[in-house]
>>> print(open('run.txt').read())   # compact mmCIF, C-alpha atoms (C1' of nucleotides)
# COMPACT_ATOMS: atom_id res chain seq x y z
CA MET A 363 -24.89 -49.03 -31.64
CA THR A 364 -24.39 -47.14 -34.70
CA GLY A 365 -21.05 -46.51 -33.44
CA PRO A 366 -18.32 -44.69 -31.92
CA LEU A 367 -18.86 -41.70 -29.81
CA ILE A 368 -16.25 -39.59 -28.27
CA ASP A 369 -15.58 -40.16 -24.65
CA VAL A 370 -15.42 -36.58 -23.61
CA GLY A 371 -17.15 -37.10 -20.34
CA ALA A 372 -14.17 -38.75 -18.81
CA HIS A 373 -11.80 -35.89 -19.43
CA ALA A 374 -14.06 -32.88 -19.48
CA PRO A 375 -13.46 -30.68 -16.54
CA ASP A 376 -16.86 -29.13 -17.06
CA PRO A 377 -19.16 -29.03 -20.05
CA GLN A 378 -19.81 -25.36 -19.56
CA ARG A 379 -16.13 -24.54 -19.72
CA LEU A 380 -15.64 -26.58 -22.83
CA GLY A 381 -18.56 -24.82 -24.42
CA ALA A 382 -16.92 -21.48 -23.75
CA TYR A 383 -13.70 -22.72 -25.24
CA PHE A 384 -15.31 -24.06 -28.38
CA ALA A 385 -17.44 -20.99 -28.93
CA LEU A 386 -14.38 -18.82 -28.48
CA MET A 387 -12.28 -20.66 -31.02
CA GLU A 388 -15.08 -20.98 -33.51
CA ALA A 389 -16.06 -17.33 -33.33
CA VAL A 390 -12.49 -16.19 -33.76
CA SER A 391 -12.01 -18.49 -36.73
CA LEU A 392 -15.03 -17.00 -38.40
CA LEU A 393 -13.91 -13.49 -37.62
CA GLN A 394 -10.43 -14.15 -38.95
CA HIS A 395 -11.83 -15.46 -42.19
CA HIS A 396 -13.96 -12.38 -42.77
CA ILE A 397 -11.09 -10.10 -41.87
CA GLU A 398 -8.84 -11.90 -44.29
CA GLN A 399 -11.35 -11.28 -47.05
CA GLN A 400 -11.69 -7.63 -46.30
CA LEU A 401 -7.97 -6.97 -46.06
CA ARG A 402 -7.27 -8.83 -49.25
CA ALA A 403 -10.02 -7.09 -51.15
CA GLU A 404 -9.37 -3.59 -49.93
CA GLY A 405 -5.62 -3.43 -49.54
CA GLY A 406 -4.12 -6.53 -51.04
CA LEU A 407 -2.78 -7.47 -47.64
CA SER A 408 -2.81 -10.72 -45.78
CA SER A 409 -3.74 -10.79 -42.15
CA VAL A 410 -0.14 -11.27 -41.08
CA GLN A 411 1.09 -8.42 -43.21
CA PHE A 412 -1.54 -6.17 -41.74
CA GLN A 413 -0.54 -7.13 -38.23
CA VAL A 414 3.10 -6.55 -38.95
CA LEU A 415 2.39 -3.11 -40.32
CA THR A 416 0.11 -2.08 -37.49
CA ARG A 417 2.55 -3.31 -34.91
CA LEU A 418 5.31 -1.35 -36.51
CA ALA A 419 3.16 1.73 -36.66
CA ALA A 420 2.16 1.34 -33.03
CA ALA A 421 5.77 0.92 -32.00
CA GLU A 422 6.45 4.05 -33.93
CA GLY A 423 9.95 2.96 -34.56
CA ARG A 424 12.12 0.08 -35.32
CA LEU A 425 11.61 -3.45 -34.16
CA THR A 426 13.84 -6.46 -34.56
CA MET A 427 12.66 -9.40 -36.58
CA THR A 428 12.40 -11.59 -33.52
CA ALA A 429 10.39 -9.07 -31.54
CA LEU A 430 8.08 -8.69 -34.48
CA ALA A 431 7.69 -12.42 -34.97
CA ASP A 432 6.97 -12.99 -31.30
CA GLY A 433 4.55 -10.08 -31.27
CA VAL A 434 2.58 -11.41 -34.18
CA VAL A 435 2.88 -15.05 -33.08
CA TYR A 436 4.55 -16.21 -36.21
CA SER A 437 7.52 -18.28 -37.20
CA ARG A 438 10.77 -16.44 -37.69
CA SER A 439 11.34 -17.84 -41.16
CA GLY A 440 7.81 -16.96 -42.14
CA LEU A 441 8.40 -13.42 -41.05
CA THR A 442 11.55 -13.24 -43.16
CA TYR A 443 9.46 -14.20 -46.16
CA GLN A 444 6.72 -11.67 -45.42
CA ALA A 445 9.24 -8.95 -44.68
CA GLY A 446 10.75 -9.60 -48.07
CA LEU A 447 7.39 -9.08 -49.73
CA LEU A 448 6.61 -5.97 -47.72
CA GLU A 449 10.00 -4.50 -48.45
CA LYS A 450 9.67 -5.19 -52.14
CA ALA A 451 6.32 -3.44 -52.01
CA GLY A 452 7.96 -0.45 -50.36
CA LEU A 453 5.93 -0.66 -47.19
CA ILE A 454 8.78 -1.35 -44.80
CA THR A 455 12.54 -0.97 -44.63
CA ARG A 456 15.14 -3.28 -43.18
CA GLY A 457 18.44 -2.10 -41.81
CA PRO A 458 21.18 -3.13 -39.42
CA SER A 459 21.04 -2.34 -35.77
CA PRO A 460 23.58 0.00 -34.24
CA ASP A 461 23.64 -1.89 -30.97
CA ASP A 462 23.69 -5.42 -32.23
CA GLU A 463 25.38 -6.18 -35.48
CA ARG A 464 23.44 -9.36 -36.14
CA ALA A 465 20.01 -7.88 -35.52
CA THR A 466 17.84 -6.44 -38.27
CA LEU A 467 15.68 -3.43 -37.51
CA VAL A 468 12.45 -3.03 -39.39
CA THR A 469 10.77 0.31 -40.01
CA ILE A 470 7.46 1.16 -41.62
CA THR A 471 7.56 3.66 -44.48
CA GLU A 472 5.23 6.55 -45.18
CA LYS A 473 3.66 4.44 -47.87
CA GLY A 474 3.10 1.68 -45.38
CA VAL A 475 1.42 4.03 -42.96
CA ALA A 476 -0.75 5.38 -45.73
CA LEU A 477 -1.82 1.90 -46.73
CA VAL A 478 -2.68 0.94 -43.18
CA ASN A 479 -4.72 4.07 -42.74
CA GLY A 480 -6.47 3.33 -45.98
CA VAL A 481 -7.48 -0.17 -44.97
CA LEU A 482 -8.22 0.57 -41.36
CA PRO A 483 -11.72 2.02 -41.70
CA GLY A 484 -12.97 -1.01 -43.55
CA HIS A 485 -11.23 -3.28 -41.12
CA ILE A 486 -12.85 -1.62 -38.17
CA GLN A 487 -16.17 -1.75 -39.93
CA VAL A 488 -15.95 -5.50 -40.28
CA VAL A 489 -15.00 -5.95 -36.65
CA GLN A 490 -17.78 -3.62 -35.65
CA ARG A 491 -20.37 -5.50 -37.65
CA LEU A 492 -19.30 -9.01 -36.69
CA LEU A 493 -17.93 -8.71 -33.19
CA PHE A 494 -19.16 -5.54 -31.50
CA GLU A 495 -22.67 -5.55 -32.92
CA PRO A 496 -24.21 -8.25 -30.75
CA LEU A 497 -22.47 -7.13 -27.58
CA SER A 498 -23.32 -4.51 -25.02
CA ASP A 499 -20.77 -2.05 -23.70
CA GLY A 500 -20.55 -4.02 -20.50
CA ASP A 501 -20.01 -7.27 -22.37
CA LEU A 502 -17.21 -5.71 -24.29
CA ARG A 503 -15.56 -4.25 -21.24
CA ARG A 504 -15.61 -7.58 -19.48
CA LEU A 505 -14.46 -9.38 -22.59
CA GLY A 506 -11.51 -7.05 -22.91
CA ASP A 507 -10.67 -7.44 -19.27
CA VAL A 508 -10.83 -11.21 -19.37
CA MET A 509 -8.90 -11.64 -22.60
CA THR A 510 -6.24 -9.21 -21.47
CA ARG A 511 -5.71 -11.31 -18.40
CA VAL A 512 -5.55 -14.46 -20.48
CA ARG A 513 -3.15 -12.92 -22.94
CA ASP A 514 -0.80 -11.76 -20.22
CA HIS A 515 -0.99 -15.18 -18.64
CA MET A 516 0.06 -16.76 -21.91
CA ARG A 517 2.73 -14.20 -22.60
CA ALA A 518 4.32 -15.26 -19.36
CA GLN A 519 5.02 -18.61 -20.96
CA PRO A 520 8.25 -18.87 -22.91
CA PRO A 521 7.77 -17.20 -26.28
CA ARG A 522 7.96 -18.86 -29.62
CA SER A 523 11.73 -18.63 -29.62
CA ALA A 524 11.84 -21.40 -27.07
CA ALA A 525 12.77 -24.38 -29.19
CA PRO A 526 16.14 -25.74 -28.23
CA ARG A 527 18.46 -25.01 -31.06
CA LYS A 528 20.92 -27.83 -30.77
CA ARG A 529 20.27 -31.16 -29.19
CA ARG A 530 21.90 -31.57 -25.84
CA ALA A 531 25.21 -32.82 -27.04
CA GLY A 532 26.33 -35.78 -25.28
CA GLY A 533 25.31 -36.07 -22.03
CA SER A 534 26.16 -34.62 -18.87
CA GLY A 535 29.30 -32.81 -18.65
CA SER A 536 30.33 -30.55 -21.44
CA ALA A 537 31.82 -28.48 -18.76
CA SER A 538 34.76 -27.97 -20.63
CA MET B 390 9.25 13.88 -35.74
CA THR B 391 10.73 10.58 -35.91
CA GLY B 392 7.97 9.63 -37.96
CA PRO B 393 4.85 8.19 -38.99
CA LEU B 394 2.26 7.17 -36.55
CA ILE B 395 -0.90 5.42 -37.26
CA ASP B 396 -3.98 7.54 -37.35
CA VAL B 397 -6.19 5.22 -35.41
CA GLY B 398 -7.89 7.96 -33.54
CA ALA B 399 -9.85 9.01 -36.54
CA HIS B 400 -11.45 5.65 -37.12
CA ALA B 401 -11.49 4.05 -33.74
CA PRO B 402 -14.96 3.67 -32.40
CA ASP B 403 -13.60 3.45 -28.91
CA PRO B 404 -10.15 2.64 -27.59
CA GLN B 405 -11.58 0.26 -25.05
CA ARG B 406 -13.36 -1.76 -27.69
CA LEU B 407 -10.30 -1.99 -29.83
CA GLY B 408 -8.32 -3.15 -26.85
CA ALA B 409 -10.79 -5.96 -26.30
CA TYR B 410 -10.55 -6.94 -29.93
CA PHE B 411 -6.77 -6.98 -29.98
CA ALA B 412 -6.47 -8.87 -26.73
CA LEU B 413 -8.96 -11.40 -28.02
CA MET B 414 -7.14 -12.06 -31.25
CA GLU B 415 -3.73 -12.13 -29.64
CA ALA B 416 -4.76 -14.50 -26.88
CA VAL B 417 -6.39 -16.88 -29.31
CA SER B 418 -3.35 -16.83 -31.56
CA LEU B 419 -1.15 -17.79 -28.66
CA LEU B 420 -3.54 -20.49 -27.57
CA GLN B 421 -3.75 -21.90 -31.07
CA HIS B 422 -0.01 -22.10 -31.29
CA HIS B 423 0.33 -24.03 -28.05
CA ILE B 424 -2.50 -26.34 -29.03
CA GLU B 425 -0.85 -27.02 -32.35
CA GLN B 426 2.31 -28.05 -30.54
CA GLN B 427 0.55 -30.37 -28.17
CA LEU B 428 -1.53 -32.08 -30.85
CA ARG B 429 1.46 -32.57 -33.09
CA ALA B 430 3.61 -33.93 -30.32
CA GLU B 431 1.09 -36.23 -28.77
CA GLY B 432 -0.96 -37.48 -31.67
CA GLY B 433 0.73 -36.38 -34.87
CA LEU B 434 -2.33 -34.35 -35.72
CA SER B 435 -2.70 -30.83 -37.03
CA SER B 436 -5.25 -28.54 -35.51
CA VAL B 437 -7.54 -28.91 -38.49
CA GLN B 438 -7.35 -32.66 -38.45
CA PHE B 439 -8.21 -32.71 -34.79
CA GLN B 440 -11.19 -30.46 -35.35
CA VAL B 441 -12.40 -32.60 -38.20
CA LEU B 442 -12.19 -35.74 -36.11
CA THR B 443 -13.88 -34.25 -33.07
CA ARG B 444 -16.65 -32.82 -35.16
CA LEU B 445 -17.24 -36.17 -36.75
CA ALA B 446 -17.26 -37.85 -33.38
CA ALA B 447 -19.66 -35.29 -31.99
CA ALA B 448 -21.96 -35.71 -34.97
CA GLU B 449 -21.79 -39.40 -34.28
CA GLY B 450 -22.43 -40.14 -37.87
CA ARG B 451 -21.73 -39.07 -41.34
CA LEU B 452 -21.19 -35.56 -42.50
CA THR B 453 -20.79 -34.22 -46.00
CA MET B 454 -17.55 -32.59 -46.99
CA THR B 455 -19.18 -29.20 -47.30
CA ALA B 456 -20.82 -29.39 -43.91
CA LEU B 457 -17.51 -30.37 -42.44
CA ALA B 458 -15.62 -27.60 -44.22
CA ASP B 459 -18.14 -25.00 -43.12
CA GLY B 460 -18.11 -26.33 -39.59
CA VAL B 461 -14.37 -26.13 -39.32
CA VAL B 462 -14.12 -22.86 -41.26
CA TYR B 463 -11.86 -24.20 -43.91
CA SER B 464 -11.62 -24.18 -47.66
CA ARG B 465 -13.27 -27.05 -49.47
CA SER B 466 -10.18 -27.96 -51.39
CA GLY B 467 -8.14 -27.89 -48.23
CA LEU B 468 -10.57 -30.26 -46.62
CA THR B 469 -10.29 -32.63 -49.56
CA TYR B 470 -6.55 -32.71 -49.00
CA GLN B 471 -6.84 -33.31 -45.27
CA ALA B 472 -9.54 -35.93 -45.74
CA GLY B 473 -7.18 -37.72 -48.06
CA LEU B 474 -4.51 -37.81 -45.38
CA LEU B 475 -6.91 -38.89 -42.68
CA GLU B 476 -8.34 -41.62 -44.86
CA LYS B 477 -4.91 -42.89 -45.75
CA ALA B 478 -4.13 -43.00 -42.04
CA GLY B 479 -7.27 -45.03 -41.46
CA LEU B 480 -8.91 -42.48 -39.21
CA ILE B 481 -11.91 -41.73 -41.40
CA THR B 482 -13.85 -43.29 -44.23
CA ARG B 483 -15.39 -41.67 -47.26
CA GLY B 484 -18.37 -43.06 -49.05
CA PRO B 485 -21.22 -42.04 -51.33
CA SER B 486 -24.44 -40.64 -49.99
CA PRO B 487 -27.67 -42.54 -50.55
CA ASP B 488 -29.69 -39.36 -50.91
CA ASP B 489 -27.35 -37.34 -53.03
CA GLU B 490 -25.17 -39.11 -55.51
CA ARG B 491 -22.62 -36.30 -55.74
CA ALA B 492 -22.17 -35.87 -52.02
CA THR B 493 -19.48 -37.66 -50.07
CA LEU B 494 -20.24 -38.80 -46.56
CA VAL B 495 -17.40 -38.92 -44.10
CA THR B 496 -17.32 -41.23 -41.09
CA ILE B 497 -14.85 -41.54 -38.29
CA THR B 498 -13.41 -45.01 -37.68
CA GLU B 499 -12.81 -46.77 -34.40
CA LYS B 500 -9.18 -45.99 -34.79
CA GLY B 501 -10.02 -42.33 -35.26
CA VAL B 502 -12.09 -42.30 -32.11
CA ALA B 503 -9.33 -44.00 -30.22
CA LEU B 504 -6.81 -41.46 -31.38
CA VAL B 505 -9.02 -38.56 -30.41
CA ASN B 506 -9.60 -40.02 -27.01
CA GLY B 507 -5.90 -40.51 -26.63
CA VAL B 508 -5.04 -36.92 -27.44
CA LEU B 509 -7.96 -35.34 -25.66
CA PRO B 510 -6.66 -35.39 -22.10
CA GLY B 511 -3.49 -33.57 -23.06
CA HIS B 512 -5.48 -31.16 -25.16
CA ILE B 513 -7.77 -30.32 -22.33
CA GLN B 514 -4.83 -29.97 -20.04
CA VAL B 515 -3.30 -27.32 -22.27
CA VAL B 516 -6.54 -25.41 -22.50
CA GLN B 517 -6.97 -25.70 -18.78
CA ARG B 518 -3.52 -24.40 -18.05
CA LEU B 519 -3.52 -21.55 -20.56
CA LEU B 520 -7.12 -20.43 -20.80
CA PHE B 521 -9.08 -21.54 -17.74
CA GLU B 522 -6.37 -21.03 -15.20
CA PRO B 523 -6.49 -17.26 -14.84
CA LEU B 524 -10.29 -17.09 -15.03
CA SER B 525 -12.94 -17.47 -12.38
CA ASP B 526 -16.04 -19.57 -12.92
CA GLY B 527 -18.06 -16.45 -13.43
CA ASP B 528 -15.60 -15.14 -15.98
CA LEU B 529 -15.87 -18.36 -17.90
CA ARG B 530 -19.61 -18.44 -17.82
CA ARG B 531 -19.82 -14.91 -19.15
CA LEU B 532 -17.15 -15.60 -21.71
CA GLY B 533 -19.03 -18.61 -22.98
CA ASP B 534 -22.25 -16.68 -23.09
CA VAL B 535 -20.74 -13.77 -24.96
CA MET B 536 -18.79 -15.84 -27.45
CA THR B 537 -21.77 -18.06 -28.14
CA ARG B 538 -23.77 -15.02 -29.01
CA VAL B 539 -21.01 -13.73 -31.25
CA ARG B 540 -20.59 -17.08 -32.94
CA ASP B 541 -24.27 -17.37 -33.69
CA HIS B 542 -24.28 -13.84 -34.99
CA MET B 543 -21.48 -14.71 -37.39
CA ARG B 544 -23.00 -18.01 -38.38
CA ALA B 545 -26.01 -16.08 -39.56
CA GLN B 546 -23.82 -14.60 -42.24
CA PRO B 547 -23.54 -16.62 -45.43
CA PRO B 548 -21.10 -19.47 -44.86
CA ARG B 549 -17.86 -19.99 -46.61
CA SER B 550 -19.56 -21.61 -49.57
CA ALA B 551 -20.85 -18.21 -50.53
CA ALA B 552 -18.43 -17.28 -53.25
CA PRO B 553 -20.30 -16.88 -56.48
CA ARG B 554 -19.25 -19.68 -58.73
CA LYS B 555 -19.89 -18.01 -61.96
CA ARG B 556 -19.99 -14.29 -62.44
CA ARG B 557 -23.46 -12.84 -62.34
CA ALA B 558 -24.28 -12.99 -65.97
CA GLY B 559 -26.38 -10.13 -66.92
CA GLY B 560 -27.40 -8.43 -63.85
CA SER B 561 -30.84 -7.04 -63.74
CA GLY B 562 -33.32 -9.28 -65.42
CA SER B 563 -33.81 -12.68 -64.01
CA ALA B 564 -37.33 -11.78 -63.07
CA SER B 565 -38.40 -14.25 -65.61
C1' DC C 88 43.64 -13.49 -26.56
C1' DG C 89 41.65 -18.08 -28.37
C1' DG C 90 37.79 -21.17 -27.76
C1' DT C 91 33.24 -22.33 -26.83
C1' DT C 92 28.59 -21.53 -26.36
C1' DG C 93 24.43 -18.83 -27.49
C1' DC C 94 21.50 -15.68 -30.14
C1' DG C 95 19.50 -13.19 -34.49
C1' DT C 96 18.52 -13.95 -39.05
C1' DT C 97 18.14 -16.12 -43.40
C1' DT C 98 18.15 -20.15 -46.61
C1' DC C 99 16.35 -24.53 -47.82
C1' DG C 100 13.14 -28.30 -48.70
C1' DA C 101 8.79 -30.26 -47.71
C1' DA C 102 4.09 -29.81 -46.46
C1' DT C 103 -0.08 -27.19 -46.42
C1' DT C 104 -3.26 -23.75 -48.04
C1' DC C 105 -6.28 -21.39 -51.10
C1' DG C 106 -9.17 -20.01 -55.23
C1' DA C 107 -10.23 -21.06 -59.92
C1' DA C 108 -11.37 -24.44 -63.13
C1' DG C 109 -13.30 -28.96 -64.19
C1' DC C 110 -16.52 -32.78 -63.69
C1' DA C 111 -20.67 -35.12 -62.24
C1' DC C 112 -25.14 -34.97 -60.51
C1' DC C 113 -29.41 -32.71 -58.93
C1' DT C 114 -33.33 -29.32 -59.81
C1' DT C 115 -36.06 -26.34 -62.12
C1' DA C 116 -38.34 -24.27 -66.12
C1' DC C 117 -40.51 -24.81 -70.18
C1' DG D 795 -38.32 -34.96 -71.65
C1' DT D 796 -34.71 -32.12 -72.11
C1' DA D 797 -32.01 -27.92 -71.72
C1' DA D 798 -30.09 -24.52 -68.34
C1' DG D 799 -28.48 -23.46 -64.13
C1' DG D 800 -27.04 -24.69 -59.36
C1' DT D 801 -24.50 -27.56 -56.04
C1' DG D 802 -20.83 -31.09 -54.20
C1' DC D 803 -16.46 -32.53 -54.65
C1' DT D 804 -11.79 -32.96 -56.57
C1' DT D 805 -7.80 -31.52 -59.35
C1' DC D 806 -4.50 -28.05 -60.47
C1' DG D 807 -1.05 -24.41 -60.02
C1' DA D 808 0.71 -20.83 -57.22
C1' DA D 809 1.60 -18.88 -52.84
C1' DT D 810 2.47 -19.39 -48.05
C1' DT D 811 3.99 -21.78 -43.96
C1' DC D 812 6.99 -24.14 -40.89
C1' DG D 813 11.17 -26.41 -38.72
C1' DA D 814 15.86 -27.71 -39.36
C1' DA D 815 20.22 -26.43 -40.85
C1' DA D 816 23.51 -22.76 -42.07
C1' DC D 817 25.87 -18.39 -41.21
C1' DG D 818 27.61 -14.70 -38.75
C1' DC D 819 28.23 -11.91 -34.66
C1' DA D 820 28.10 -11.50 -29.46
C1' DA D 821 29.15 -12.85 -24.85
C1' DC D 822 31.45 -15.42 -21.60
C1' DC D 823 35.31 -18.63 -19.96
C1' DG D 824 39.86 -19.88 -19.32
>>> encode(input="run.txt", output="structure tokens")
Amino acid sequence: MTGPLIDVGAHAPDPQRLGAYFALMEAVSLLQHHIEQQLRAEGGLSSVQFQVLTRLAAAEGRLTMTALADGVVYSRSGLTYQAGLLEKAGLITRGPSPDDERATLVTITEKGVALVNGVLPGHIQVVQRLLFEPLSDGDLRRLGDVMTRVRDHMRAQPPRSAAPRKRRAGGSGSAS
Amino acid sequence: MTGPLIDVGAHAPDPQRLGAYFALMEAVSLLQHHIEQQLRAEGGLSSVQFQVLTRLAAAEGRLTMTALADGVVYSRSGLTYQAGLLEKAGLITRGPSPDDERATLVTITEKGVALVNGVLPGHIQVVQRLLFEPLSDGDLRRLGDVMTRVRDHMRAQPPRSAAPRKRRAGGSGSAS
DNA sequence: CGGTTGCGTTTCGAATTCGAAGCACCTTAC
DNA sequence: GTAAGGTGCTTCGAATTCGAAACGCAACCG
């Protein structure tokens, strides 16, 4: 009777499944922390900044703020802040969209590409050492397959821009 | 000629591996976001607070601040802040350690346990819907196996409390 | 056309986060 | 026994984060 213990048994769908879930989250947390260290030390970049830059480079073109924020799983306002920093550092450029006057298109600069390429080897090294090392090729293939499926499943859900902007005004009608 | 493209090819150990890595990180980011929403909505808890409470409940006893911080992969000072909030909310208790006068032992209260048990069903539901749903039992078993291995591999690395506190004074000597 | 609703972005204020520095206690060496 | 160094925790200041509100422009209705 020392005391309180959590009542997991009642809700747990399966201890094995929960174990997988916990191990997954814990491992990724650890990996993220190490990556953060490496990026900061080698390129003065935060994890988010790095992701923004790589996504821009991969898109090889312009992306709107919202697309970028949804891609990186980040708040829109947070992205505005980071974009400000990156622009001030000369790594990206912001400009208006020809199609949509209210949209902002973001582009990565040569300097940005150079920085990413400079940090990338070290980044990959960390991932290699911490994540790939203890896994076989088959493990990795299956892991990629499974996580891709999960990611697509989650992407099907409404993206981060889902929050209702204005409370349902009064009630029913509003029809006019 | 539009422009700059990232030079991944030169560093990439294998496109398939990188794909696994990216899918993994992206999926977990999405999952974390949804979990954050659910915890906040249903129990007024942040993800970290929830992890702290569940870890305490699982330990079924007292844990030191450092052990807790390392377990949750969090900064020590951040944990102090969160512990303050949780204590003020009456969910945990902090007290001195009998063995080590400088250590602080943290305990979860009945109220804390109750709150965790209240939020847990919804939490599990989210995980079920987003993570387990698209996976077969075999997928999950392998995923758990693989991620457990990875986690243990990373845990072997020096924990977060590794940062040298004071710069290495002289360097060589020390052989006494 | 004028009005209304909806979307893309930024601004704003409050809360959270981190590392470095500070303080107190333990441990070891002499 | 005491000085020197190491460890556990908190305080401090600065940077980052988020959601809500604000500000235009776009799209759709009559």
>>> interface_residues(input="run.txt", of="chain B", to="chain A", cutoff="8 Å", atoms="all atoms listed in the file", output="PyMOL selection string")
chain B and resi 391-397+400-401+405-406+408-410+412-420+422+443+446-447+449-450+461-462+497-499+502+505-506+509-510+513+519-521+523-524+528-530+532-540+542-543
>>> closest_atom_pairs(input="run.txt", of="chain B", to="chain D", cutoff="8 Å", atoms="only C-alpha atoms (C1' of nucleotides)", output="CSV")
residue,atom,partner,partner_atom,distance
B:Met454,CA,D:DC803,C1',7.7
B:Thr455,CA,D:DG802,C1',7.3
B:Ser466,CA,D:DT804,C1',7.4
B:Thr469,CA,D:DT804,C1',7.2
B:Arg491,CA,D:DG802,C1',5.7
B:Ala492,CA,D:DG802,C1',5.4
B:Thr493,CA,D:DC803,C1',7.5
>>> interface_residues(input="run.txt", of="chain C", to="chain B", cutoff="8 Å", atoms="all atoms listed in the file", output="ChimeraX atom specification")
/C:104-105,111-113
>>> atom_distance(input="run.txt", atom1="atom C1' of C:DT115", atom2="atom CA of B:Leu457")
27.3 Å
>>> atom_distance(input="run.txt", atom1="atom CA of B:Glu476", atom2="atom CA of B:Leu504")
13.6 Å
>>> atom_distance(input="run.txt", atom1="atom CA of B:Ser436", atom2="atom CA of B:Val495")
18.1 Å
>>> axis_aligned_box(input="run.txt", around="stretch 814-821 of chain D", padding_each_side="4 Å", output="lines of an AutoDock Vina configuration file")
center_x = 22.5
center_y = -19.6
center_z = -33.5
size_x = 21.3
size_y = 24.2
size_z = 25.2
